[in-house]
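Asker: So that you have it, the file is target_35.cif, and it contains mmCIF, C-alpha atoms:
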```
data_protein
loop_
_atom_site.label_atom_id
_atom_site.label_comp_id
_atom_site.auth_asym_id
_atom_site.auth_seq_id
_atom_site.Cartn_x
_atom_site.Cartn_y
_atom_site.Cartn_z
CA MET A 1 -19.26 -53.35 -37.11
CA ASN A 2 -17.96 -54.09 -33.61
CA ARG A 3 -18.19 -50.40 -32.68
CA LEU A 4 -21.76 -50.17 -33.97
CA ILE A 5 -22.77 -53.18 -31.87
CA ARG A 6 -21.11 -51.65 -28.80
CA PHE A 7 -22.84 -48.31 -29.41
CA ALA A 8 -26.18 -50.10 -29.70
CA ILE A 9 -25.57 -52.01 -26.46
CA VAL A 10 -24.66 -48.78 -24.65
CA GLY A 11 -27.76 -47.12 -26.11
CA LEU A 12 -29.93 -50.00 -24.96
CA SER A 13 -28.47 -49.75 -21.46
CA GLY A 14 -29.34 -46.04 -21.57
CA VAL A 15 -32.94 -46.89 -22.44
CA PHE A 16 -33.17 -49.11 -19.35
CA VAL A 17 -31.47 -46.47 -17.18
CA ASP A 18 -33.80 -43.77 -18.54
CA LEU A 19 -37.01 -45.80 -18.17
CA GLY A 20 -35.93 -47.17 -14.79
CA GLY A 21 -35.14 -43.70 -13.48
CA PHE A 22 -38.39 -42.39 -14.93
CA TYR A 23 -40.34 -45.17 -13.18
CA ILE A 24 -38.64 -44.49 -9.83
CA LEU A 25 -39.13 -40.73 -10.04
CA HIS A 26 -42.61 -40.60 -11.61
CA THR A 27 -44.34 -43.69 -10.24
CA LEU A 28 -42.60 -44.58 -7.00
CA LEU A 29 -41.75 -41.06 -5.80
CA GLY A 30 -44.77 -39.37 -7.41
CA TRP A 31 -42.85 -36.62 -9.18
CA MET A 32 -44.55 -34.76 -12.01
CA LEU A 33 -44.09 -35.93 -15.61
CA THR A 34 -41.66 -33.29 -16.92
CA PRO A 35 -39.11 -33.24 -14.05
CA SER A 36 -39.13 -37.05 -13.99
CA ALA A 37 -38.50 -37.20 -17.75
CA ILE A 38 -35.71 -34.60 -17.64
CA ILE A 39 -33.81 -36.08 -14.69
CA SER A 40 -34.09 -39.68 -15.90
CA THR A 41 -32.80 -38.61 -19.31
CA GLU A 42 -29.81 -36.78 -17.78
CA ILE A 43 -28.92 -39.87 -15.75
CA ALA A 44 -29.02 -41.92 -18.96
CA ILE A 45 -26.85 -39.31 -20.74
CA ILE A 46 -24.18 -39.65 -18.06
CA ASN A 47 -24.40 -43.46 -18.23
CA ASN A 48 -24.06 -43.44 -22.02
CA PHE A 49 -21.12 -41.04 -22.04
CA ILE A 50 -19.14 -43.11 -19.56
CA TRP A 51 -19.71 -46.38 -21.42
CA ASN A 52 -19.11 -44.86 -24.87
CA GLU A 53 -15.94 -43.12 -23.70
CA LEU A 54 -14.47 -46.18 -22.00
CA TRP A 55 -15.82 -49.09 -24.02
CA THR A 56 -17.30 -48.14 -27.40
CA PHE A 57 -14.69 -45.54 -28.42
CA GLY A 58 -11.94 -46.31 -25.89
CA ASP A 59 -9.51 -47.25 -28.63
CA VAL A 60 -10.00 -44.00 -30.59
CA SER A 61 -10.13 -41.77 -27.53
CA VAL A 62 -6.37 -41.40 -27.84
CA GLN A 63 -6.23 -38.37 -25.58
CA LYS A 64 -7.42 -39.74 -22.26
CA GLN A 65 -6.36 -36.87 -20.03
CA LEU A 66 -8.99 -35.64 -17.62
CA ASP A 67 -9.36 -32.23 -19.32
CA THR A 68 -9.94 -33.87 -22.72
CA ARG A 69 -12.51 -36.26 -21.31
CA LEU A 70 -14.25 -33.41 -19.50
CA ARG A 71 -14.38 -31.40 -22.74
CA ARG A 72 -15.90 -34.40 -24.54
CA PHE A 73 -18.36 -34.90 -21.67
CA PHE A 74 -19.50 -31.28 -21.82
CA GLN A 75 -19.84 -31.44 -25.62
CA PHE A 76 -21.71 -34.75 -25.31
CA ASN A 77 -23.96 -33.30 -22.64
CA LEU A 78 -24.62 -30.13 -24.64
CA ILE A 79 -25.65 -32.13 -27.69
CA CYS A 80 -27.75 -34.43 -25.55
CA PHE A 81 -29.23 -31.39 -23.74
CA PHE A 82 -30.96 -30.44 -26.96
CA GLY A 83 -31.97 -34.08 -27.29
CA LEU A 84 -33.34 -33.86 -23.74
CA ILE A 85 -35.46 -30.84 -24.72
CA PHE A 86 -36.76 -32.72 -27.77
CA ASN A 87 -37.36 -35.77 -25.56
CA SER A 88 -39.40 -33.78 -23.04
CA LEU A 89 -41.41 -32.02 -25.75
CA ILE A 90 -42.22 -35.34 -27.43
CA VAL A 91 -43.22 -37.00 -24.13
CA ASN A 92 -45.49 -34.10 -23.17
CA TRP A 93 -46.98 -33.79 -26.64
CA LEU A 94 -47.79 -37.52 -26.92
CA PHE A 95 -49.06 -37.77 -23.33
CA TYR A 96 -51.16 -34.60 -23.15
CA LYS A 97 -52.25 -34.20 -26.78
CA PHE A 98 -52.85 -37.86 -27.69
CA GLU A 99 -53.30 -39.32 -24.18
CA MET A 100 -50.63 -41.91 -24.93
CA ASN A 101 -49.35 -43.97 -22.00
CA GLU A 102 -46.44 -42.04 -20.47
CA TYR A 103 -44.06 -45.01 -20.74
CA ILE A 104 -44.86 -45.58 -24.41
CA ALA A 105 -44.48 -41.83 -24.99
CA LYS A 106 -41.10 -41.91 -23.22
CA LEU A 107 -39.95 -44.87 -25.31
CA VAL A 108 -41.03 -43.18 -28.57
CA ALA A 109 -39.13 -40.04 -27.52
CA ILE A 110 -36.00 -42.05 -26.68
CA VAL A 111 -36.00 -43.76 -30.09
CA GLY A 112 -36.54 -40.50 -31.95
CA VAL A 113 -33.88 -38.54 -30.08
CA THR A 114 -31.30 -41.34 -30.38
CA PHE A 115 -30.70 -40.48 -34.04
CA TRP A 116 -30.01 -36.83 -33.16
CA ASN A 117 -27.61 -37.74 -30.36
CA PHE A 118 -25.72 -40.38 -32.33
CA SER A 119 -25.17 -38.35 -35.49
CA LEU A 120 -23.93 -35.22 -33.76
CA ASN A 121 -21.80 -36.99 -31.16
CA TRP A 122 -20.18 -39.13 -33.82
CA LYS A 123 -19.20 -35.99 -35.73
CA VAL A 124 -18.13 -33.90 -32.72
CA ASN A 125 -16.77 -36.24 -30.06
CA TRP A 126 -15.55 -39.51 -31.50
CA GLN A 127 -14.84 -39.00 -35.17
CA ILE A 128 -11.43 -40.41 -35.90
CA SER A 129 -9.10 -37.65 -37.09
CA GLU A 130 -6.14 -38.20 -39.40
CA THR A 131 -3.77 -37.86 -36.44
CA GLU A 132 -5.66 -40.53 -34.49
CA VAL A 133 -5.60 -42.85 -37.51
CA ASP A 134 -1.81 -42.44 -37.67
CA VAL A 135 -1.45 -43.14 -33.93
CA LEU A 136 -3.65 -46.23 -34.16
CA ARG A 137 -1.73 -47.44 -37.22
CA ASP A 138 1.59 -46.94 -35.40
CA LYS A 139 0.29 -48.88 -32.40
CA SER A 140 -0.76 -51.82 -34.58
CA ILE A 141 2.63 -51.94 -36.31
CA THR A 142 4.65 -52.04 -33.07
#
```
What is this structure when it is put down as structure tokens?
Answerer:
Amino acid sequence: MNRLIRFAIVGLSGVFVDLGGFYILHTLLGWMLTPSAIISTEIAIINNFIWNELWTFGDVSVQKQLDTRLRRFFQFNLICFFGLIFNSLIVNWLFYKFEMNEYIAKLVAIVGVTFWNFSLNWKVNWQISETEVDVLRDKSIT
């Protein structure tokens, strides 16, 4: 339960990072809708990886060497890249087809894509293997 709460907090921080970046790029800097949505989402992806790696799953990320973390980051980013494509398609579809407010469209896209990102990243990046369970058990015994 603690891990789920942490994942939700990290995800919520990502929503604020994504929407904040989107606001800065799209409204303050006047960038077009799609580049603003893509770049703000990538910034949120990086934010979420760092916090999930260090805080949410820090105890099960037994292998903390730089090369292992980089591999997980690239896998995380690849999974989230497809989420980013879905996110951009949803934002554009809701904004241009249904004339929905771009911030509401962005929020709807974030919520929808979150399920994709969580389920695949849980399976690929932070699923506890039998070896990791043994290591964690050994640590708790000593």
Asker: Where does the PyMOL selection byres ((chain A and resi 94-104) around 12) land in this file, that is, which residues does it pick, as a list of chain:residue names?
Answerer: A:Val15, A:Phe16, A:Asp18, A:Leu19, A:Gly20, A:Gly21, A:Phe22, A:Tyr23, A:His26, A:Thr27, A:Met32, A:Leu33, A:Thr34, A:Ser36, A:Ala37, A:Asn87, A:Ser88, A:Leu89, A:Ile90, A:Val91, A:Asn92, A:Trp93, A:Ala105, A:Lys106, A:Leu107, A:Val108, A:Ala109, A:Ile110, A:Val111
Asker: With only C-alpha atoms as the atoms that count, which of A:Phe86, A:Phe76, A:Trp51, A:Trp116 lies nearest to Val10 of chain A?
Answerer: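 Checking each candidate against Val10 of chain A, we get A:Trp51 as the closest.
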Asker: Given the PyMOL selection byres ((chain A and resi 78) around 12) and the file above, list the residues it selects as an mmCIF file with C-alpha atoms, in the frame of the given file.
Answerer:
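In the end it all went to result_28.cif:
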```cif
data_model
loop_
_atom_site.group_PDB
_atom_site.id
_atom_site.type_symbol
_atom_site.label_atom_id
_atom_site.label_comp_id
_atom_site.auth_asym_id
_atom_site.auth_seq_id
_atom_site.Cartn_x
_atom_site.Cartn_y
_atom_site.Cartn_z
ATOM 1 C CA GLU A 42 -29.810 -36.780 -17.780
ATOM 2 C CA ILE A 45 -26.850 -39.310 -20.740
ATOM 3 C CA ILE A 46 -24.180 -39.650 -18.060
ATOM 4 C CA PHE A 49 -21.120 -41.040 -22.040
ATOM 5 C CA ARG A 71 -14.380 -31.400 -22.740
ATOM 6 C CA ARG A 72 -15.900 -34.400 -24.540
ATOM 7 C CA PHE A 73 -18.360 -34.900 -21.670
ATOM 8 C CA PHE A 74 -19.500 -31.280 -21.820
ATOM 9 C CA GLN A 75 -19.840 -31.440 -25.620
ATOM 10 C CA PHE A 76 -21.710 -34.750 -25.310
ATOM 11 C CA ASN A 77 -23.960 -33.300 -22.640
ATOM 12 C CA ILE A 79 -25.650 -32.130 -27.690
ATOM 13 C CA CYS A 80 -27.750 -34.430 -25.550
ATOM 14 C CA PHE A 81 -29.230 -31.390 -23.740
ATOM 15 C CA PHE A 82 -30.960 -30.440 -26.960
ATOM 16 C CA GLY A 83 -31.970 -34.080 -27.290
ATOM 17 C CA LEU A 84 -33.340 -33.860 -23.740
ATOM 18 C CA ILE A 85 -35.460 -30.840 -24.720
ATOM 19 C CA ASN A 117 -27.610 -37.740 -30.360
ATOM 20 C CA LEU A 120 -23.930 -35.220 -33.760
ATOM 21 C CA ASN A 121 -21.800 -36.990 -31.160
ATOM 22 C CA VAL A 124 -18.130 -33.900 -32.720
ATOM 23 C CA ASN A 125 -16.770 -36.240 -30.060
#
```
Asker: Nearest to Phe115 of chain A among A:Val17, A:Ile50, A:Ile43, A:Ala8, with distances taken over all atoms listed in the file: which residue is it?
Answerer: A:Ala8
Asker: Could you tell me which of A:Thr56, A:Gln65, A:Thr114, A:Asn48 comes closest to Phe7 of chain A if we count only C-alpha atoms?
Answerer: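 Of all the options, A:Thr56 lies closest to Phe7 of chain A.
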Asker: In Å, how far is it from atom CA of Ser13 of chain A to atom CA of Thr41 of chain A?
Answerer: 12.1 Å
Asker: Which distance in Å separates atom CA of Ala44 of chain A and atom CA of Gly112 of chain A, to one decimal?
Answerer: 15.1 Å
Asker: Box for segment 81-94 of chain A: with edges along x, y and z, all listed atoms inside and 5 Å added on each side, what are the centre and edge lengths in Å to one decimal, as AutoDock Vina command-line options?
Answerer:
```
--center_x -38.5 --center_y -34.0 --center_z -25.4 --size_x 28.6 --size_y 17.1 --size_z 14.7
```
Asker: Taking all atoms listed in the file into account, which of A:Trp126, A:Asn2, A:Gly11, A:Gly30 comes nearest Glu53 of chain A?
Answerer: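 Closest to Glu53 of chain A, using all atoms listed in the file: A:Trp126.
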